[in-house]
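> What follows is my_file-v4.pdb, PDB, C-alpha atoms.
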ATOM      1  CA  MET U  97       3.820 -13.801   3.371
ATOM      2  CA  LYS U  98       6.088 -15.007   6.168
ATOM      3  CA  VAL U  99       9.582 -13.604   6.730
ATOM      4  CA  ALA U 100      12.212 -15.195   8.985
ATOM      5  CA  ILE U 101      15.318 -13.188   9.846
ATOM      6  CA  ILE U 102      18.490 -14.093  11.739
ATOM      7  CA  ALA U 103      20.265 -11.106  13.307
ATOM      8  CA  ALA U 104      23.801 -12.182  14.194
ATOM      9  CA  ASN U 105      25.684  -8.872  14.151
ATOM     10  CA  GLY U 106      25.556  -5.961  16.548
ATOM     11  CA  GLY U 107      26.510  -2.790  14.697
ATOM     12  CA  MET U 108      24.323   0.160  13.847
ATOM     13  CA  PHE U 109      24.226  -0.732  10.138
ATOM     14  CA  ASP U 110      23.153  -4.248  11.057
ATOM     15  CA  ALA U 111      20.303  -2.831  13.128
ATOM     16  CA  TYR U 112      18.969  -0.877  10.161
ATOM     17  CA  LYS U 113      19.251  -3.810   7.795
ATOM     18  CA  VAL U 114      17.305  -6.002  10.183
ATOM     19  CA  PHE U 115      14.632  -3.586  11.358
ATOM     20  CA  ASN U 116      13.992  -1.833   8.025
ATOM     21  CA  ILE U 117      13.214  -5.114   6.338
ATOM     22  CA  ALA U 118      11.261  -6.350   9.348
ATOM     23  CA  THR U 119       9.037  -3.273   9.698
ATOM     24  CA  ALA U 120       8.500  -2.937   5.938
ATOM     25  CA  ALA U 121       7.454  -6.592   5.821
ATOM     26  CA  ALA U 122       5.143  -6.177   8.807
ATOM     27  CA  ALA U 123       3.585  -3.146   7.114
ATOM     28  CA  THR U 124       2.963  -5.362   4.087
ATOM     29  CA  ASP U 125       0.876  -7.694   6.235
ATOM     30  CA  ALA U 126       3.645 -10.270   6.534
ATOM     31  CA  GLU U 127       4.201 -12.411   9.590
ATOM     32  CA  VAL U 128       7.732 -11.551  10.696
ATOM     33  CA  GLY U 129      10.080 -13.278  13.128
ATOM     34  CA  ILE U 130      13.650 -12.300  14.074
ATOM     35  CA  PHE U 131      16.092 -14.585  15.863
ATOM     36  CA  PHE U 132      18.763 -12.571  17.710
ATOM     37  CA  THR U 133      21.949 -14.487  18.300
ATOM     38  CA  PHE U 134      25.558 -13.659  19.283
ATOM     39  CA  GLU U 135      26.242  -9.962  18.702
ATOM     40  CA  GLY U 136      22.774  -9.600  17.287
ATOM     41  CA  LEU U 137      21.567  -9.484  20.881
ATOM     42  CA  ASN U 138      22.988  -5.936  21.057
ATOM     43  CA  LEU U 139      20.123  -4.831  18.817
ATOM     44  CA  ILE U 140      17.602  -5.596  21.551
ATOM     45  CA  HIS U 141      19.743  -4.870  24.599
ATOM     46  CA  LYS U 142      17.942  -2.221  26.697
ATOM     47  CA  GLU U 143      20.879   0.213  26.801
ATOM     48  CA  GLY U 144      23.045  -1.235  24.065
ATOM     49  CA  HIS U 145      20.597  -0.716  21.208
ATOM     50  CA  LYS U 146      20.542   3.043  21.833
ATOM     51  CA  GLN U 147      24.252   3.425  21.129
ATOM     52  CA  LEU U 148      25.280   0.862  18.587
ATOM     53  CA  PRO U 149      28.742   1.257  17.092
ATOM     54  CA  MET U 150      29.266   2.226  13.481
ATOM     55  CA  PRO U 151      31.873   0.283  11.507
ATOM     56  CA  GLU U 152      35.340   1.796  11.845
ATOM     57  CA  GLY U 153      35.965   4.573   9.358
ATOM     58  CA  THR U 154      32.278   5.244   8.653
ATOM     59  CA  GLU U 155      31.666   7.705  11.474
ATOM     60  CA  HIS U 156      31.155  10.468   8.924
ATOM     61  CA  PHE U 157      27.900   8.753   7.883
ATOM     62  CA  GLN U 158      26.404   9.928  11.149
ATOM     63  CA  GLU U 159      25.626  13.235   9.484
ATOM     64  CA  GLY U 160      23.994  11.429   6.568
ATOM     65  CA  PHE U 161      21.682   9.526   8.901
ATOM     66  CA  GLN U 162      20.492  12.830  10.331
ATOM     67  CA  ARG U 163      20.178  14.497   6.947
ATOM     68  CA  ALA U 164      18.084  11.626   5.608
ATOM     69  CA  ASN U 165      15.957  11.759   8.762
ATOM     70  CA  VAL U 166      16.461   8.057   9.450
ATOM     71  CA  PRO U 167      14.591   7.142  12.655
ATOM     72  CA  PRO U 168      16.707   6.098  15.645
ATOM     73  CA  VAL U 169      17.123   2.357  16.153
ATOM     74  CA  GLU U 170      15.005   2.415  19.338
ATOM     75  CA  GLU U 171      12.100   3.828  17.376
ATOM     76  CA  LEU U 172      12.345   1.013  14.840
ATOM     77  CA  VAL U 173      12.514  -1.574  17.614
ATOM     78  CA  SER U 174       9.378  -0.287  19.308
ATOM     79  CA  MET U 175       7.645  -0.003  15.932
ATOM     80  CA  ALA U 176       8.508  -3.613  15.131
ATOM     81  CA  SER U 177       7.140  -4.649  18.487
ATOM     82  CA  GLU U 178       3.973  -2.605  17.939
ATOM     83  CA  MET U 179       3.444  -4.316  14.570
ATOM     84  CA  ASN U 180       3.684  -7.741  16.201
ATOM     85  CA  VAL U 181       7.071  -8.727  14.857
ATOM     86  CA  LYS U 182       8.024 -11.842  16.783
ATOM     87  CA  MET U 183      11.448 -11.383  18.387
ATOM     88  CA  ILE U 184      13.294 -14.365  19.761
ATOM     89  CA  ALA U 185      16.517 -14.008  21.767
ATOM     90  CA  CYS U 186      18.880 -16.949  21.618
ATOM     91  CA  GLN U 187      19.071 -18.624  25.037
ATOM     92  CA  MET U 188      22.448 -20.200  24.447
ATOM     93  CA  THR U 189      24.154 -16.896  23.536
ATOM     94  CA  MET U 190      22.448 -15.171  26.448
ATOM     95  CA  ASP U 191      23.999 -17.753  28.764
ATOM     96  CA  VAL U 192      27.430 -17.286  27.196
ATOM     97  CA  MET U 193      27.170 -13.494  27.562
ATOM     98  CA  SER U 194      25.563 -13.649  31.026
ATOM     99  CA  LEU U 195      22.478 -11.819  29.813
ATOM    100  CA  GLU U 196      19.095 -12.091  31.498
ATOM    101  CA  LYS U 197      15.718 -11.396  29.916
ATOM    102  CA  GLU U 198      15.508  -8.210  32.041
ATOM    103  CA  HIS U 199      18.487  -6.809  30.130
ATOM    104  CA  LEU U 200      16.526  -6.919  26.899
ATOM    105  CA  VAL U 201      13.758  -4.642  25.606
ATOM    106  CA  GLU U 202      10.133  -5.514  26.354
ATOM    107  CA  GLY U 203       8.238  -8.089  24.353
ATOM    108  CA  ILE U 204      11.103 -10.490  23.598
ATOM    109  CA  ASP U 205      10.686 -14.268  23.669
ATOM    110  CA  VAL U 206      13.624 -16.352  24.702
ATOM    111  CA  GLY U 207      14.194 -19.585  22.871
ATOM    112  CA  GLY U 208      16.637 -21.917  21.210
ATOM    113  CA  ALA U 209      17.471 -22.804  17.645
ATOM    114  CA  ALA U 210      14.468 -25.106  17.454
ATOM    115  CA  SER U 211      12.090 -22.196  18.150
ATOM    116  CA  PHE U 212      13.492 -20.302  15.200
ATOM    117  CA  LEU U 213      13.475 -23.343  12.940
ATOM    118  CA  ASN U 214       9.873 -23.982  13.827
ATOM    119  CA  PHE U 215       8.971 -20.416  12.845
ATOM    120  CA  ALA U 216      11.127 -20.461   9.706
ATOM    121  CA  SER U 217      10.020 -23.886   8.477
ATOM    122  CA  ASP U 218       7.207 -22.442   6.371
ATOM    123  CA  ALA U 219       8.637 -18.960   5.731
ATOM    124  CA  ASN U 220       8.604 -17.576   2.203
ATOM    125  CA  ILE U 221      11.687 -15.453   2.789
ATOM    126  CA  THR U 222      14.625 -16.226   5.065
ATOM    127  CA  LEU U 223      17.367 -13.673   5.617
ATOM    128  CA  THR U 224      20.563 -13.528   7.637
ATOM    129  CA  PHE U 225      22.234 -10.309   8.674
TER
ATOM    130  CA  MET T  56      -3.826  17.651 -10.298
ATOM    131  CA  GLU T  57      -6.681  18.319  -7.897
ATOM    132  CA  VAL T  58      -8.710  15.295  -6.896
ATOM    133  CA  THR T  59     -10.913  14.492  -3.957
ATOM    134  CA  VAL T  60      -9.383  12.030  -1.555
ATOM    135  CA  ASN T  61     -10.688  10.633   1.712
ATOM    136  CA  LYS T  62      -7.402  10.951   3.537
ATOM    137  CA  VAL T  63      -4.102  12.759   3.095
ATOM    138  CA  VAL T  64      -1.081  11.173   4.733
ATOM    139  CA  ASP T  65       1.956  13.361   5.319
ATOM    140  CA  ALA T  66       5.127  11.287   5.093
ATOM    141  CA  LYS T  67       7.299  14.182   3.940
ATOM    142  CA  GLY T  68      10.855  14.144   5.265
ATOM    143  CA  LEU T  69      10.608  10.513   6.317
ATOM    144  CA  ALA T  70      13.096   7.880   5.194
ATOM    145  CA  CYS T  71      12.400   4.262   4.234
ATOM    146  CA  PRO T  72      10.602   2.285   5.665
ATOM    147  CA  MET T  73       8.543   5.009   7.372
ATOM    148  CA  PRO T  74       6.358   6.031   4.373
ATOM    149  CA  ILE T  75       5.229   2.406   4.034
ATOM    150  CA  VAL T  76       4.720   1.942   7.761
ATOM    151  CA  LYS T  77       2.648   5.123   7.915
ATOM    152  CA  THR T  78       0.649   4.131   4.839
ATOM    153  CA  LYS T  79      -0.178   0.786   6.407
ATOM    154  CA  LYS T  80      -1.321   2.406   9.670
ATOM    155  CA  GLU T  81      -3.540   4.928   7.921
ATOM    156  CA  ILE T  82      -5.115   2.602   5.373
ATOM    157  CA  ASP T  83      -6.400   0.476   8.232
ATOM    158  CA  THR T  84      -8.570   3.446   9.264
ATOM    159  CA  LEU T  85     -10.265   3.755   5.851
ATOM    160  CA  ASP T  86     -13.326   1.969   4.524
ATOM    161  CA  PRO T  87     -12.961  -0.228   1.427
ATOM    162  CA  GLY T  88     -13.137   1.848  -1.740
ATOM    163  CA  MET T  89     -11.789   5.017  -0.143
ATOM    164  CA  VAL T  90      -8.903   6.887  -1.709
ATOM    165  CA  MET T  91      -5.737   7.978   0.053
ATOM    166  CA  GLU T  92      -3.051  10.471  -0.948
ATOM    167  CA  ILE T  93       0.432   9.919   0.472
ATOM    168  CA  GLN T  94       2.827  12.850   0.340
ATOM    169  CA  ALA T  95       6.468  11.856   0.508
ATOM    170  CA  THR T  96       9.912  13.204  -0.275
ATOM    171  CA  ASP T  97      11.644   9.804  -0.185
ATOM    172  CA  LYS T  98      12.758   9.205  -3.784
ATOM    173  CA  GLY T  99      12.277   5.472  -3.371
ATOM    174  CA  SER T 100       8.663   5.888  -2.329
ATOM    175  CA  THR T 101       7.206   5.633  -5.844
ATOM    176  CA  THR T 102       8.453   2.110  -6.434
ATOM    177  CA  ASP T 103       7.884   1.188  -2.783
ATOM    178  CA  ILE T 104       4.237   2.239  -2.626
ATOM    179  CA  LYS T 105       3.564   0.476  -5.907
ATOM    180  CA  ALA T 106       5.199  -2.755  -4.711
ATOM    181  CA  TRP T 107       3.457  -2.487  -1.361
ATOM    182  CA  ALA T 108       0.083  -2.166  -3.052
ATOM    183  CA  GLU T 109       0.796  -5.189  -5.214
ATOM    184  CA  ASN T 110       1.606  -7.280  -2.144
ATOM    185  CA  THR T 111      -1.281  -6.118   0.001
ATOM    186  CA  GLY T 112      -3.917  -6.152  -2.747
ATOM    187  CA  HIS T 113      -4.731  -2.460  -2.583
ATOM    188  CA  GLN T 114      -5.153  -0.526  -5.790
ATOM    189  CA  TYR T 115      -2.269   1.746  -6.805
ATOM    190  CA  LEU T 116      -3.713   4.581  -8.898
ATOM    191  CA  GLY T 117      -0.633   6.604  -9.748
ATOM    192  CA  SER T 118       1.804   9.243  -8.583
ATOM    193  CA  THR T 119       2.504  12.867  -9.343
ATOM    194  CA  GLU T 120       5.548  14.991  -8.634
ATOM    195  CA  ASP T 121       5.308  18.532  -7.369
ATOM    196  CA  GLY T 122       8.766  19.993  -6.781
ATOM    197  CA  ASP T 123      10.398  17.739  -4.190
ATOM    198  CA  VAL T 124       7.116  16.248  -3.084
ATOM    199  CA  PHE T 125       5.697  13.044  -4.521
ATOM    200  CA  LYS T 126       1.984  12.396  -4.218
ATOM    201  CA  HIS T 127       0.940   8.782  -4.403
ATOM    202  CA  TYR T 128      -2.661   7.677  -4.742
ATOM    203  CA  LEU T 129      -4.045   4.424  -3.402
ATOM    204  CA  ARG T 130      -7.535   3.025  -3.182
ATOM    205  CA  LYS T 131      -8.323   0.604  -0.393
ATOM    206  CA  ALA T 132      -9.205  -2.834  -1.705
ATOM    207  CA  SER T 133     -12.795  -3.953  -1.618
ATOM    208  CA  ALA T 134     -13.469  -7.668  -1.769
ATOM    209  CA  GLU T 135     -17.024  -7.481  -3.154
ATOM    210  CA  GLU T 136     -15.876  -5.435  -6.090
ATOM    211  CA  GLU T 137     -13.806  -8.280  -7.490
ATOM    212  CA  LYS T 138     -16.933 -10.332  -8.084
ATOM    213  CA  ALA T 139     -18.427  -9.205 -11.358
ATOM    214  CA  GLU T 140     -21.942  -8.545 -10.129
ATOM    215  CA  THR T 141     -24.285  -7.937 -13.012
ATOM    216  CA  THR T 142     -27.804  -7.381 -11.828
ATOM    217  CA  HIS T 143     -28.417  -4.824 -14.549
ATOM    218  CA  GLN T 144     -29.360  -6.892 -17.601
ATOM    219  CA  ASP T 145     -28.234  -4.618 -20.398
ATOM    220  CA  ILE T 146     -24.488  -5.108 -20.630
ATOM    221  CA  THR T 147     -21.944  -4.427 -23.328
ATOM    222  CA  SER T 148     -18.360  -5.510 -23.863
ATOM    223  CA  LEU T 149     -15.171  -3.475 -23.940
ATOM    224  CA  ASP T 150     -14.737  -4.432 -27.608
ATOM    225  CA  ALA T 151     -18.155  -3.121 -28.534
ATOM    226  CA  LEU T 152     -17.526   0.119 -26.684
ATOM    227  CA  SER T 153     -14.083   0.435 -28.223
ATOM    228  CA  LYS T 154     -15.586   0.234 -31.739
ATOM    229  CA  LYS T 155     -18.155   2.886 -30.871
ATOM    230  CA  VAL T 156     -15.536   5.206 -29.385
ATOM    231  CA  GLU T 157     -13.466   4.896 -32.563
ATOM    232  CA  GLY T 158     -16.515   5.479 -34.747
ATOM    233  CA  GLU T 159     -18.027   8.736 -35.969
ATOM    234  CA  GLU T 160     -21.118   8.808 -33.802
ATOM    235  CA  LYS T 161     -21.189  10.597 -30.488
ATOM    236  CA  VAL T 162     -20.978   8.180 -27.568
ATOM    237  CA  THR T 163     -21.891   8.980 -23.984
ATOM    238  CA  VAL T 164     -19.599   7.296 -21.484
ATOM    239  CA  ILE T 165     -20.058   7.854 -17.765
ATOM    240  CA  ASP T 166     -17.112   6.784 -15.607
ATOM    241  CA  VAL T 167     -18.352   6.201 -12.046
ATOM    242  CA  ARG T 168     -14.966   5.613 -10.408
ATOM    243  CA  GLU T 169     -13.379   7.968  -7.883
ATOM    244  CA  PRO T 170     -11.850  11.184  -9.290
ATOM    245  CA  ALA T 171      -8.305   9.978  -8.530
ATOM    246  CA  GLU T 172      -8.860   6.757 -10.477
ATOM    247  CA  TYR T 173     -10.325   8.704 -13.383
ATOM    248  CA  ALA T 174      -7.470  11.222 -13.334
ATOM    249  CA  PHE T 175      -4.791   8.583 -13.920
ATOM    250  CA  GLY T 176      -6.463   7.084 -17.001
ATOM    251  CA  HIS T 177      -9.910   7.192 -18.565
ATOM    252  CA  ILE T 178     -11.535   6.779 -21.952
ATOM    253  CA  PRO T 179     -11.172  10.076 -23.841
ATOM    254  CA  GLY T 180     -14.460  11.959 -23.638
ATOM    255  CA  ALA T 181     -15.784   9.962 -20.676
ATOM    256  CA  VAL T 182     -17.477  12.057 -18.018
ATOM    257  CA  ASN T 183     -16.568  11.378 -14.391
ATOM    258  CA  ILE T 184     -19.532  11.051 -12.057
ATOM    259  CA  PRO T 185     -18.379   9.097  -8.972
ATOM    260  CA  LEU T 186     -20.972   6.565  -7.856
ATOM    261  CA  ASP T 187     -21.758   8.396  -4.622
ATOM    262  CA  GLU T 188     -22.450  11.652  -6.520
ATOM    263  CA  LEU T 189     -24.749  10.089  -9.092
ATOM    264  CA  GLU T 190     -28.020  10.731  -7.212
ATOM    265  CA  ASN T 191     -27.372  14.478  -7.274
ATOM    266  CA  ARG T 192     -26.224  14.643 -10.868
ATOM    267  CA  PHE T 193     -28.985  12.884 -12.828
ATOM    268  CA  ASP T 194     -29.934  16.198 -14.430
ATOM    269  CA  GLU T 195     -26.581  16.317 -16.251
ATOM    270  CA  LEU T 196     -27.753  13.330 -18.262
ATOM    271  CA  GLU T 197     -30.271  12.915 -21.065
ATOM    272  CA  LYS T 198     -32.948  10.279 -20.315
ATOM    273  CA  ASN T 199     -33.227   9.023 -23.887
ATOM    274  CA  ASP T 200     -29.527   8.901 -24.707
ATOM    275  CA  GLU T 201     -27.692   5.661 -24.966
ATOM    276  CA  ILE T 202     -25.459   5.832 -21.905
ATOM    277  CA  HIS T 203     -22.452   3.572 -21.297
ATOM    278  CA  VAL T 204     -21.535   3.245 -17.646
ATOM    279  CA  ILE T 205     -18.064   2.036 -16.747
ATOM    280  CA  CYS T 206     -15.942   1.550 -13.614
ATOM    281  CA  ARG T 207     -12.909  -0.615 -12.856
ATOM    282  CA  THR T 208     -14.443  -4.084 -12.609
ATOM    283  CA  GLY T 209     -18.100  -3.721 -13.622
ATOM    284  CA  ASN T 210     -19.391  -3.713 -10.075
ATOM    285  CA  ARG T 211     -19.878  -0.030  -9.270
ATOM    286  CA  SER T 212     -21.118   0.567 -12.829
ATOM    287  CA  ASP T 213     -23.720  -2.152 -12.262
ATOM    288  CA  LEU T 214     -25.045  -0.291  -9.216
ATOM    289  CA  ALA T 215     -25.005   2.969 -11.177
ATOM    290  CA  ALA T 216     -26.861   1.413 -14.112
ATOM    291  CA  GLN T 217     -29.539   0.069 -11.755
ATOM    292  CA  LYS T 218     -29.983   3.492 -10.182
ATOM    293  CA  MET T 219     -30.290   5.144 -13.567
ATOM    294  CA  ALA T 220     -32.761   2.572 -14.856
ATOM    295  CA  GLY T 221     -34.808   3.219 -11.716
ATOM    296  CA  LYS T 222     -34.849   6.926 -12.568
ATOM    297  CA  GLY T 223     -36.299   6.261 -16.012
ATOM    298  CA  PHE T 224     -33.142   6.187 -18.116
ATOM    299  CA  SER T 225     -34.094   3.696 -20.785
ATOM    300  CA  LYS T 226     -30.888   2.948 -22.683
ATOM    301  CA  VAL T 227     -28.261   2.376 -20.027
ATOM    302  CA  LYS T 228     -25.547  -0.158 -20.735
ATOM    303  CA  ASN T 229     -23.127  -1.504 -18.157
ATOM    304  CA  VAL T 230     -19.681  -1.938 -19.735
ATOM    305  CA  VAL T 231     -18.026  -5.127 -18.465
ATOM    306  CA  PRO T 232     -15.588  -5.927 -17.092
ATOM    307  CA  GLY T 233     -14.272  -2.343 -16.966
ATOM    308  CA  MET T 234     -11.212  -0.135 -17.073
ATOM    309  CA  LYS T 235      -8.917  -2.771 -15.595
ATOM    310  CA  ASP T 236      -9.009  -4.585 -18.939
ATOM    311  CA  TRP T 237      -9.433  -1.604 -21.252
ATOM    312  CA  SER T 238      -6.715  -1.602 -23.909
ATOM    313  CA  GLY T 239      -8.009   1.295 -25.997
ATOM    314  CA  PRO T 240      -6.796   4.873 -25.818
ATOM    315  CA  THR T 241      -6.830   6.648 -22.474
ATOM    316  CA  ALA T 242      -6.499  10.235 -21.365
ATOM    317  CA  GLN T 243      -5.133  11.652 -18.135
ATOM    318  CA  THR T 244      -6.045  14.810 -16.308
ATOM    319  CA  ASN T 245      -3.054  16.510 -14.845
TER
END
Just give me the structure of the file as structure tokens.


Amino acid sequence: MKVAIIAANGGMFDAYKVFNIATAAAATDAEVGIFFTFEGLNLIHKEGHKQLPMPEGTEHFQEGFQRANVPPVEELVSMASEMNVKMIACQMTMDVMSLEKEHLVEGIDVGGAASFLNFASDANITLTF
Amino acid sequence: MEVTVNKVVDAKGLACPMPIVKTKKEIDTLDPGMVMEIQATDKGSTTDIKAWAENTGHQYLGSTEDGDVFKHYLRKASAEEEKAETTHQDITSLDALSKKVEGEEKVTVIDVREPAEYAFGHIPGAVNIPLDELENRFDELEKNDEIHVICRTGNRSDLAAQKMAGKGFSKVKNVVPGMKDWSGPTAQTN
């Protein structure tokens, strides 16, 4: 099984959608690739991914996250990396946002749309968040 | 239910996808054929573990619930087992065994799967002697009885039947293919 994911949004909920599916797929022996573009780059920004915003008016869910013992986003990111999830940061958006590879967590590839398309061309599942 | 397992994984208190991630990590440390118990409190874990097993090819045995804690049982896949090896010549079909089980006469059925597999569904009256315990339990069996040996696919029961024949058991029949295709009545031990 091969899973290709586009992460285009930078909120905390978006992080969980992306990394829960990605790590579950990797644990199911799937080959997983995520393309981070536009605000999605927040999810792999060294500092940014530790304090992602929650959608306005949902702050009260914070308690629920703790109660349900949901792992912090950084833990999911390092788990994904440990399970060989391929993470590609979009070069074009990085240029627009003046981001350098050093600003991102370890183990990220930088590439363009063609890199993602190449990975996704024979994927069984393609998702956009 | 008390069954022997090779590994207990504690995923209690963890939310999705952690039980699956932990299961994956731990199953990589087991040998094929070994049985794992995963303890979880995540209510979605029953359907998740089952789906995970289906995708990865491991064998999902079943789940039990004990208060808030779910216990899921998995057996690590073994490639050789899927080939129906039948070195032991005397074989019998599931249909033939089914007729005997329904009949009046006493039938001896030895189920050589792991205790956890047996616990989640076996032929009523079958005695569980896991393959790796067989050598030490020959004296529980009668040499001149007609003995039906069964497992999941016919592979472990073939090895068991060969061992028994070597020990002088004269009427040992390997039931093929095995419990995976058994449609007759089953019993559970809980």

> List the neighbours of Phe115 (chain U) out to 8 Å using all atoms listed in the file; skip same-chain residues closer than 5 positions along the sequence, and give me the result as a PDB file with C-alpha atoms, keeping the file's coordinate frame.


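Okay, this is what ended up in selection_11.pdb:
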ATOM      1  CA  LEU U 172      12.345   1.013  14.840  1.00  0.00           C
ATOM      2  CA  VAL U 173      12.514  -1.574  17.614  1.00  0.00           C
ATOM      3  CA  ALA U 176       8.508  -3.613  15.131  1.00  0.00           C
TER       4      ALA U 176
END

> Set the cut-off to 8 Å and count all atoms listed in the file: what are the residues of chain U that reach chain T? Output as a short mmCIF file (atom, residue, chain, number, x, y, z; two decimals) with C-alpha atoms, in the coordinates of the input.


data_model
loop_
_atom_site.label_atom_id
_atom_site.label_comp_id
_atom_site.auth_asym_id
_atom_site.auth_seq_id
_atom_site.Cartn_x
_atom_site.Cartn_y
_atom_site.Cartn_z
CA ASN U 116 13.99 -1.83 8.02
CA ILE U 117 13.21 -5.11 6.34
CA THR U 119 9.04 -3.27 9.70
CA ALA U 120 8.50 -2.94 5.94
CA ALA U 123 3.58 -3.15 7.11
CA THR U 124 2.96 -5.36 4.09
CA ASP U 125 0.88 -7.69 6.24
CA ALA U 164 18.08 11.63 5.61
CA ASN U 165 15.96 11.76 8.76
CA VAL U 166 16.46 8.06 9.45
CA PRO U 167 14.59 7.14 12.66
#

> Run the PyMOL selection byres ((chain T and resi 233) around 7) on the file and write out the hits as number ranges by chain.

T: 205-209, 230-232, 234-237

> Using all atoms listed in the file, which of U:Asp205, U:Asp218, U:Glu159, U:Glu152 sits nearest Ala100 (chain U)?

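Selected residue with least distance to Ala100 (chain U): U:Asp218.
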
> Do you know which residues are at most 9 Å from Lys98 (chain T) counting only C-alpha atoms, after dropping those on the same chain fewer than 3 positions away, and could you put them as a ChimeraX atom specification?

/T:95,101-102,123,125

> Between T:Leu214, T:Ala242, T:Met219, T:Ile104, which is the closest to Leu129 (chain T) once you count only C-alpha atoms?

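Among the listed residues, the smallest separation from Leu129 (chain T) belongs to T:Ile104.
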
> Counting only C-alpha atoms, what is within 12 Å of Lys142 (chain U), bar same-chain residues fewer than 4 positions away, as a count of residues only?

19

> Just the residues within 8 Å of Ile93 (chain T), please, counting all atoms listed in the file, with nothing from its chain fewer than 4 positions along; format it as a list in words.

Val63, Val64, Asp65, Ala66, Thr78, Phe125, Lys126, His127 and Tyr128 of chain T

> What is the distance, in Å and to one decimal place, between CA of Val58 (chain T) and CA of Pro185 (chain T)?

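Separating CA of Val58 (chain T) from CA of Pro185 (chain T) is a distance of 11.7 Å.
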
> Please evaluate the PyMOL selection byres ((chain T and resi 136) around 10) against the displayed coordinates and give the resulting residues as number ranges by chain.

T: 87-88, 132-135, 137-140, 207-211

> Run the PyMOL selection byres ((chain U and resi 108) around 6) mentally over the shown coordinates, then write out the matched residues as an mmCIF file with C-alpha atoms, keeping the file's coordinate frame, using the chain letters and numbers from the document.


data_model
loop_
_atom_site.group_PDB
_atom_site.id
_atom_site.type_symbol
_atom_site.label_atom_id
_atom_site.label_comp_id
_atom_site.auth_asym_id
_atom_site.auth_seq_id
_atom_site.Cartn_x
_atom_site.Cartn_y
_atom_site.Cartn_z
ATOM 1 C CA GLY U 107 26.510 -2.790 14.697
ATOM 2 C CA PHE U 109 24.226 -0.732 10.138
ATOM 3 C CA ASP U 110 23.153 -4.248 11.057
ATOM 4 C CA ALA U 111 20.303 -2.831 13.128
ATOM 5 C CA LEU U 148 25.280 0.862 18.587
ATOM 6 C CA PRO U 149 28.742 1.257 17.092
ATOM 7 C CA MET U 150 29.266 2.226 13.481
#

> What is the distance, in Å and to one decimal place, between CA of Gln114 (chain T) and CA of Ala174 (chain T)?

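About the pair CA of Gln114 (chain T) and CA of Ala174 (chain T): they are 14.2 Å apart.
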
> Given the point (-26.7, 7.9, -9.2) in the file's coordinates, find the residues that have an atom at most 6 Å from it, counting all atoms listed in the file, and give them as a PyMOL selection string.

chain T and resi 189-190+215+218

> Looking at only C-alpha atoms, which of U:Ile130, U:Leu139, U:Val99, U:Ala118 is the one that sits closest to Pro168 (chain U)?

U:Leu139
